[in-house]
file structure12.txt (compact mmCIF, C-alpha atoms and all ligand atoms)
# COMPACT_ATOMS: atom_id res chain seq x y z
CA MET A 140 134.61 114.88 -143.30
CA LYS A 141 137.27 112.42 -142.30
CA ARG A 142 138.27 109.62 -144.66
CA HIS A 143 136.55 106.86 -142.65
CA LEU A 144 133.37 106.69 -140.58
CA LEU A 145 134.31 104.54 -137.61
CA SER A 146 132.61 106.34 -134.75
CA VAL A 147 130.32 109.28 -134.14
CA ASP A 148 133.49 110.89 -132.71
CA ASP A 149 134.63 111.26 -136.34
CA LEU A 150 131.80 113.71 -137.04
CA ALA A 151 131.72 117.42 -136.26
CA VAL A 152 128.33 119.11 -135.97
CA ASP A 153 128.96 120.68 -139.42
CA ASP A 154 129.53 117.22 -140.90
CA ILE A 155 126.26 115.98 -139.43
CA GLU A 156 124.38 118.93 -140.88
CA THR A 157 125.97 118.36 -144.29
CA LEU A 158 125.15 114.65 -144.16
CA PHE A 159 121.52 115.39 -143.25
CA ALA A 160 121.13 117.99 -146.00
CA THR A 161 122.37 115.50 -148.59
CA ALA A 162 120.22 112.75 -147.08
CA THR A 163 117.17 114.93 -147.63
CA GLU A 164 118.05 115.18 -151.32
CA MET A 165 118.67 111.44 -151.45
CA HIS A 166 115.28 110.84 -149.84
CA ASP A 167 113.71 112.50 -152.88
CA VAL A 168 115.50 110.03 -155.15
CA GLN A 169 113.98 107.24 -153.09
CA ASN A 170 110.50 108.49 -153.95
CA ARG A 171 111.18 108.57 -157.70
CA GLN A 172 110.23 105.84 -160.09
CA VAL A 173 113.77 105.70 -161.48
CA LYS A 174 116.00 105.52 -158.42
CA LYS A 175 119.42 106.11 -159.88
CA LEU A 176 122.06 108.82 -159.67
CA PRO A 177 125.38 108.58 -161.50
CA ALA A 178 127.42 110.00 -158.57
CA LEU A 179 129.45 106.87 -157.74
CA ARG A 180 129.69 105.33 -161.20
CA GLY A 181 132.84 103.24 -161.47
CA ARG A 182 133.33 103.03 -157.69
CA THR A 183 133.26 99.72 -155.84
CA VAL A 184 131.71 99.23 -152.40
CA ILE A 185 132.12 95.97 -150.50
CA ASN A 186 129.77 95.04 -147.67
CA LEU A 187 131.74 92.71 -145.43
CA PHE A 188 129.45 91.36 -142.69
CA PHE A 189 130.71 88.93 -140.07
CA GLU A 190 127.49 89.25 -138.05
CA ASP A 191 123.86 88.85 -139.08
CA SER A 192 122.03 91.81 -140.52
CA THR A 193 118.88 92.51 -142.48
CA ARG A 194 118.37 96.25 -142.71
CA THR A 195 121.89 97.59 -142.35
CA ARG A 196 123.40 95.37 -145.02
CA SER A 197 120.56 95.65 -147.51
CA SER A 198 120.26 99.40 -147.06
CA PHE A 199 123.97 99.90 -147.70
CA GLU A 200 123.63 97.71 -150.79
CA ILE A 201 120.62 99.65 -152.07
CA ALA A 202 122.30 102.97 -151.23
CA GLY A 203 125.39 102.02 -153.24
CA LYS A 204 123.32 100.75 -156.16
CA TRP A 205 121.15 103.87 -156.34
CA LEU A 206 124.33 105.91 -156.54
CA SER A 207 125.53 103.64 -159.40
CA ALA A 208 128.43 102.10 -157.46
CA ASP A 209 129.21 98.42 -157.93
CA THR A 210 128.26 96.88 -154.59
CA ILE A 211 129.21 93.38 -153.53
CA ASN A 212 128.20 91.55 -150.36
CA ILE A 213 130.53 89.20 -148.57
CA ALA A 214 129.23 87.30 -145.54
CA GLY A 215 131.77 86.34 -142.91
CA LYS A 216 130.33 82.86 -142.61
CA GLY A 217 130.85 82.04 -146.28
CA SER A 218 134.27 83.69 -146.52
CA SER A 219 137.74 82.27 -146.05
CA THR A 220 137.86 83.42 -142.42
CA SER A 221 135.88 80.26 -141.66
CA LYS A 222 138.83 78.36 -143.24
CA GLY A 223 141.18 80.01 -140.77
CA GLU A 224 142.24 83.12 -142.71
CA SER A 225 142.93 86.10 -140.45
CA LEU A 226 140.80 89.25 -140.63
CA ARG A 227 143.86 91.13 -141.86
CA ASP A 228 144.49 88.70 -144.73
CA THR A 229 140.79 88.70 -145.65
CA VAL A 230 140.50 92.48 -145.89
CA LEU A 231 143.87 92.87 -147.66
CA THR A 232 142.77 90.24 -150.19
CA ILE A 233 139.44 91.94 -150.83
CA CYS A 234 141.00 95.38 -151.08
CA ALA A 235 143.71 94.15 -153.46
CA MET A 236 140.95 93.77 -156.06
CA GLY A 237 140.48 97.55 -156.11
CA VAL A 238 137.89 98.61 -153.59
CA ASP A 239 136.86 102.17 -152.79
CA ALA A 240 134.79 101.58 -149.66
CA LEU A 241 134.56 98.76 -147.18
CA VAL A 242 131.38 98.65 -145.11
CA MET A 243 132.10 96.36 -142.23
CA ARG A 244 130.27 94.63 -139.38
CA HIS A 245 132.20 92.48 -136.93
CA ALA A 246 131.62 91.01 -133.48
CA ALA A 247 134.82 92.54 -132.08
CA SER A 248 134.69 96.08 -130.73
CA GLY A 249 137.34 98.12 -132.54
CA ALA A 250 137.48 95.85 -135.61
CA ALA A 251 136.61 98.58 -138.12
CA GLN A 252 139.15 100.94 -136.59
CA GLN A 253 141.81 98.25 -136.84
CA VAL A 254 140.95 97.48 -140.48
CA SER A 255 141.09 101.17 -141.40
CA GLN A 256 144.79 101.07 -140.54
CA TRP A 257 145.45 98.21 -142.93
CA VAL A 258 143.64 99.28 -146.11
CA ASP A 259 143.46 102.26 -148.46
CA ALA A 260 139.69 102.01 -148.92
CA ALA A 261 137.33 104.23 -146.91
CA VAL A 262 136.07 102.12 -144.02
CA ILE A 263 132.52 102.50 -142.69
CA ASN A 264 131.71 100.87 -139.38
CA ALA A 265 128.35 99.09 -139.71
CA GLY A 266 128.54 97.79 -136.13
CA ASP A 267 131.55 96.58 -134.15
CA GLY A 268 130.61 94.36 -131.23
CA MET A 269 129.19 96.35 -128.35
CA HIS A 270 130.99 99.52 -129.40
CA GLU A 271 129.50 101.70 -132.16
CA HIS A 272 127.12 101.83 -135.10
CA PRO A 273 127.43 105.40 -136.37
CA THR A 274 125.15 105.22 -139.42
CA GLN A 275 122.33 103.87 -137.22
CA ALA A 276 122.67 106.87 -134.91
CA LEU A 277 122.69 109.18 -137.94
CA LEU A 278 119.52 107.68 -139.36
CA ASP A 279 117.85 107.77 -135.94
CA ALA A 280 118.63 111.45 -135.43
CA TYR A 281 117.65 112.24 -139.03
CA THR A 282 114.30 110.50 -138.50
CA LEU A 283 113.72 112.26 -135.18
CA GLN A 284 114.60 115.62 -136.63
CA GLY A 285 112.17 115.03 -139.47
CA ARG A 286 109.40 114.63 -136.89
CA LEU A 287 110.44 116.96 -134.06
CA GLY A 288 112.48 119.63 -135.82
CA PRO A 289 115.86 120.63 -134.31
CA LEU A 290 116.80 118.31 -131.45
CA GLU A 291 118.39 121.00 -129.29
CA GLY A 292 116.76 120.83 -125.84
CA ARG A 293 114.46 117.92 -126.78
CA HIS A 294 114.20 115.13 -124.22
CA ILE A 295 114.84 111.67 -125.65
CA ALA A 296 114.82 108.41 -123.69
CA LEU A 297 116.81 105.34 -124.75
CA VAL A 298 115.37 102.29 -123.02
CA GLY A 299 116.50 98.69 -122.88
CA ASP A 300 119.55 96.50 -123.07
CA LEU A 301 122.17 99.22 -122.87
CA THR A 302 125.04 96.95 -121.91
CA HIS A 303 125.09 95.13 -125.23
CA SER A 304 124.01 98.01 -127.45
CA ARG A 305 126.31 99.75 -129.91
CA VAL A 306 123.24 101.70 -131.10
CA PHE A 307 122.91 103.23 -127.64
CA ARG A 308 126.60 104.19 -127.52
CA SER A 309 126.53 105.90 -130.91
CA ASN A 310 123.18 107.54 -130.18
CA ILE A 311 124.35 109.06 -126.91
CA LYS A 312 127.29 110.66 -128.68
CA LEU A 313 125.24 111.96 -131.58
CA LEU A 314 122.18 113.16 -129.67
CA THR A 315 124.26 115.03 -127.09
CA LYS A 316 126.32 116.58 -129.93
CA LEU A 317 123.06 117.89 -131.38
CA GLY A 318 122.10 119.38 -128.01
CA ALA A 319 119.36 116.90 -127.07
CA GLN A 320 118.68 116.08 -123.44
CA VAL A 321 119.01 112.30 -123.12
CA THR A 322 117.91 109.91 -120.38
CA VAL A 323 118.89 106.25 -120.58
CA VAL A 324 116.74 103.67 -118.83
CA ALA A 325 117.62 100.05 -118.05
CA PRO A 326 117.46 97.53 -115.23
CA PRO A 327 120.59 97.66 -113.07
CA THR A 328 121.90 94.44 -114.68
CA LEU A 329 121.75 95.96 -118.17
CA MET A 330 123.22 99.34 -117.22
CA PRO A 331 126.83 99.30 -118.52
CA SER A 332 129.62 99.60 -116.00
CA GLY A 333 131.27 103.00 -115.98
CA LEU A 334 128.04 104.65 -117.08
CA GLU A 335 127.98 107.01 -114.14
CA SER A 336 131.22 108.77 -115.00
CA TRP A 337 130.38 108.75 -118.73
CA SER A 338 126.98 110.30 -118.08
CA LYS A 339 128.54 113.06 -115.98
CA GLU A 340 131.15 113.78 -118.60
CA ALA A 341 128.78 113.68 -121.58
CA GLY A 342 125.84 115.31 -119.78
CA PHE A 343 123.08 112.74 -119.96
CA ALA A 344 120.90 111.18 -117.24
CA ALA A 345 120.32 107.56 -116.24
CA SER A 346 117.33 105.98 -114.53
CA TYR A 347 116.04 102.57 -113.48
CA ASP A 348 112.45 103.77 -113.56
CA ILE A 349 110.80 103.92 -116.97
CA ASP A 350 107.49 105.11 -115.52
CA GLU A 351 109.09 108.17 -114.04
CA VAL A 352 110.81 109.07 -117.31
CA LEU A 353 108.12 108.44 -119.96
CA PRO A 354 105.78 111.31 -119.02
CA THR A 355 108.63 113.78 -119.58
CA VAL A 356 109.96 112.69 -122.99
CA ASP A 357 109.62 114.12 -126.50
CA ALA A 358 110.54 110.75 -128.03
CA VAL A 359 111.42 107.26 -126.86
CA MET A 360 113.75 104.74 -128.46
CA MET A 361 113.37 101.13 -127.38
CA LEU A 362 116.41 98.88 -127.73
CA ARG A 363 116.42 95.16 -128.35
CA VAL A 364 117.17 92.67 -125.61
CA GLN A 365 120.26 91.08 -127.21
CA LYS A 366 119.90 87.50 -126.10
CA GLU A 367 122.70 86.33 -128.39
CA ARG A 368 125.21 88.44 -126.43
CA MET A 369 123.98 87.30 -123.00
CA ALA A 370 125.83 84.48 -121.33
CA GLY A 371 123.94 84.44 -118.03
CA GLY A 372 120.68 85.64 -116.53
CA PHE A 373 120.35 89.39 -116.85
CA PHE A 374 116.72 89.38 -115.70
CA PRO A 375 114.54 86.77 -113.99
CA SER A 376 112.14 86.08 -116.88
CA PRO A 377 110.96 87.71 -120.12
CA ARG A 378 107.66 88.51 -118.41
CA GLU A 379 109.40 90.43 -115.65
CA TYR A 380 111.48 92.33 -118.17
CA THR A 381 108.33 93.41 -120.00
CA VAL A 382 106.59 94.44 -116.80
CA GLY A 383 109.61 96.45 -115.63
CA TYR A 384 110.97 97.90 -118.86
CA GLY A 385 108.81 97.05 -121.87
CA LEU A 386 106.84 99.61 -123.85
CA THR A 387 103.52 98.01 -122.98
CA ARG A 388 100.01 99.07 -123.93
CA ASP A 389 99.61 100.96 -120.66
CA ARG A 390 102.86 102.84 -121.17
CA LEU A 391 101.84 103.62 -124.75
CA ALA A 392 98.78 105.36 -123.30
CA VAL A 393 101.07 107.47 -121.08
CA LEU A 394 103.07 108.55 -124.13
CA GLY A 395 99.95 109.85 -125.79
CA GLU A 396 99.37 110.72 -129.41
CA ASN A 397 102.33 112.98 -130.09
CA THR A 398 105.37 111.16 -128.81
CA PRO A 399 107.31 109.31 -131.50
CA ILE A 400 108.48 105.76 -130.82
CA LEU A 401 111.68 104.43 -132.36
CA HIS A 402 113.36 101.03 -132.44
CA PRO A 403 116.43 100.23 -134.56
CA GLY A 404 115.19 96.70 -135.22
CA PRO A 405 115.12 93.81 -135.18
CA MET A 406 112.34 93.88 -132.56
CA ASN A 407 111.38 91.28 -130.02
CA ARG A 408 107.66 91.97 -130.22
CA GLY A 409 106.01 91.34 -126.89
CA LEU A 410 109.31 91.57 -124.98
CA GLU A 411 110.73 95.11 -125.13
CA ILE A 412 107.87 96.50 -127.24
CA ALA A 413 104.20 95.57 -127.43
CA PRO A 414 102.75 95.07 -130.92
CA GLU A 415 100.37 97.99 -130.26
CA ALA A 416 103.36 100.29 -129.69
CA ALA A 417 105.36 98.96 -132.63
CA ASP A 418 102.40 99.52 -134.95
CA ALA A 419 101.12 102.74 -133.34
CA ALA A 420 100.48 105.80 -135.50
CA THR A 421 103.35 107.44 -133.58
CA SER A 422 105.79 104.62 -134.39
CA LEU A 423 108.65 105.78 -136.64
CA ILE A 424 110.16 102.32 -136.96
CA LEU A 425 109.61 101.97 -140.70
CA ASP A 426 110.55 105.63 -141.25
CA GLN A 427 113.89 104.72 -139.66
CA VAL A 428 114.37 101.95 -142.21
CA SER A 429 113.54 104.24 -145.10
CA ALA A 430 115.78 107.01 -143.72
CA GLY A 431 118.52 104.39 -143.46
CA VAL A 432 118.87 104.22 -147.23
CA ALA A 433 118.94 108.01 -147.66
CA VAL A 434 121.46 108.51 -144.85
CA ARG A 435 123.72 105.74 -146.14
CA MET A 436 123.56 107.20 -149.65
CA SER A 437 124.66 110.48 -148.12
CA VAL A 438 127.52 108.86 -146.19
CA LEU A 439 128.78 106.96 -149.24
CA TYR A 440 128.48 110.08 -151.37
CA HIS A 441 130.48 112.26 -148.98
CA LEU A 442 133.16 109.66 -148.35
CA LEU A 443 133.62 108.71 -151.97
CA ALA A 444 132.48 111.45 -154.32
CA GLY A 445 133.73 114.61 -152.60
CA GLU A 446 137.14 116.19 -152.86
CA GLU A 447 136.63 117.53 -149.36
CA ASN A 448 138.35 114.80 -147.34
CA ASP A 449 140.77 116.27 -144.86
CA SER A 450 142.59 113.24 -143.49
C1 LIG B 1 121.22 96.93 -134.34
C2 LIG B 1 122.60 96.34 -134.41
O1 LIG B 1 122.87 95.43 -135.18
O2 LIG B 1 123.42 96.86 -133.67
N1 LIG B 1 120.40 96.69 -135.44
C3 LIG B 1 120.54 97.40 -136.59
O3 LIG B 1 121.62 97.65 -137.06
N2 LIG B 1 119.41 97.82 -137.16
C4 LIG B 1 120.53 96.69 -133.07
C5 LIG B 1 120.30 95.29 -132.63
O4 LIG B 1 120.86 94.34 -133.15
O5 LIG B 1 119.52 95.15 -131.69

call {"tool": "encode", "arguments": {"input": "structure12.txt", "output": "structure tokens"}}
result
Amino acid sequence: MKRHLLSVDDLAVDDIETLFATATEMHDVQNRQVKKLPALRGRTVINLFFEDSTRTRSSFEIAGKWLSADTINIAGKGSSTSKGESLRDTVLTICAMGVDALVMRHAASGAAQQVSQWVDAAVINAGDGMHEHPTQALLDAYTLQGRLGPLEGRHIALVGDLTHSRVFRSNIKLLTKLGAQVTVVAPPTLMPSGLESWSKEAGFAASYDIDEVLPTVDAVMMLRVQKERMAGGFFPSPREYTVGYGLTRDRLAVLGENTPILHPGPMNRGLEIAPEAADAATSLILDQVSAGVAVRMSVLYHLLAGEENDS
């Protein structure tokens, strides 16, 4: 493992397998009455979030606590950056207190990478703008593998607002690394520019037609329409988005009773996913949340407890 986790590019297939094996052990801890391991006793983990978050921030906090680390949350809005302090001064100040890991979410793509060059702490990217969210991709693949077995050759569709999605970017990298066959689906206005050459290079497919793709998939991941990142009109109306690209009741029927449904959350119920699909027996959405704690425990453990770091 590298010293930081900034992108899925930092992970070799061996690293992913190691992280998943440890996550499985951590999942057992989650099911115990006393959820505590001493592995990171005396280590300090800071969650520094400049963008909103429910599950990512709280699951990193719980993960750190269950490993006995001291975890502290700092929200960008309440920090001195809102008084004009630069990101560099903020992170240097925090790290001067003696911090072992900095879990960071920021609206700027590349922010975590930049910070990793300024501080000694291990930096974990918990979402940088529209770029990457590696622990989300790890927990998604871990959840899928738990249901489908090895992902090699499995056909997985990622559907929705691809342009604004860091989850999609990290998932493409991770799923293709694991040998899955991936098709991404979006309306033309939410298909990122440059996708064609990326898809050729990385070996995944793209489609504008969800109804053509759904009957062929082993799993489908719906992605949130990220209204807060949209300046103009990316589709005529919410209704038309749902008709064209939502996982509606009719499309749920096409998926049948064996095709898992994922969504990283937060969901816009009724827009990209119908309540019947979100709550279906095949929905793994809450399994993803629960896997999120185990996978983040594993990531913190390998970055902080091991002697195996190679750079
Ligand atoms: C995602 C994110 O923040 O990138 N959510 C998450 O981490 N669970 C996806 C999103 O915001 O739609």

call {"tool": "residues_near_ligand", "arguments": {"input": "structure12.txt", "ligand": "ligand LIG 1 (chain B)", "cutoff": "10 Å", "atoms": "only C-alpha atoms and all ligand atoms", "output": "MDAnalysis selection string"}}
result
chainID A and resid 190:196 244:246 265:276 299:300 303:307 309 361:368 402:407 427:428 431

call {"tool": "residues_around", "arguments": {"input": "structure12.txt", "residues": "Ala417 of chain A", "least_positions_apart": "4", "cutoff": "9 Å", "atoms": "all atoms listed in the file", "output": "PDB file with C-alpha atoms, in the frame of the given file"}}
result
ATOM      1  CA  LEU A 386     106.840  99.610-123.850  1.00  0.00           C
ATOM      2  CA  ILE A 400     108.480 105.760-130.820  1.00  0.00           C
ATOM      3  CA  LEU A 401     111.680 104.430-132.360  1.00  0.00           C
ATOM      4  CA  HIS A 402     113.360 101.030-132.440  1.00  0.00           C
ATOM      5  CA  MET A 406     112.340  93.880-132.560  1.00  0.00           C
ATOM      6  CA  ARG A 408     107.660  91.970-130.220  1.00  0.00           C
ATOM      7  CA  ILE A 412     107.870  96.500-127.240  1.00  0.00           C
ATOM      8  CA  ALA A 413     104.200  95.570-127.430  1.00  0.00           C
ATOM      9  CA  THR A 421     103.350 107.440-133.580  1.00  0.00           C
ATOM     10  CA  SER A 422     105.790 104.620-134.390  1.00  0.00           C
ATOM     11  CA  LEU A 423     108.650 105.780-136.640  1.00  0.00           C
ATOM     12  CA  ILE A 424     110.160 102.320-136.960  1.00  0.00           C
TER      13      ILE A 424
END

call {"tool": "closest_residue", "arguments": {"input": "structure12.txt", "among": "A:Lys312, A:His294, A:Lys222, A:Lys339", "to": "Leu353 of chain A", "atoms": "all atoms listed in the file"}}
result
A:His294

call {"tool": "closest_residue", "arguments": {"input": "structure12.txt", "among": "A:Val321, A:Val168, A:Val382, A:Leu150", "to": "Arg293 of chain A", "atoms": "all atoms listed in the file"}}
result
A:Val321

call {"tool": "atom_distance", "arguments": {"input": "structure12.txt", "atom1": "atom CA of Tyr384 of chain A", "atom2": "atom CA of Ala419 of chain A"}}
result
18.2 Å
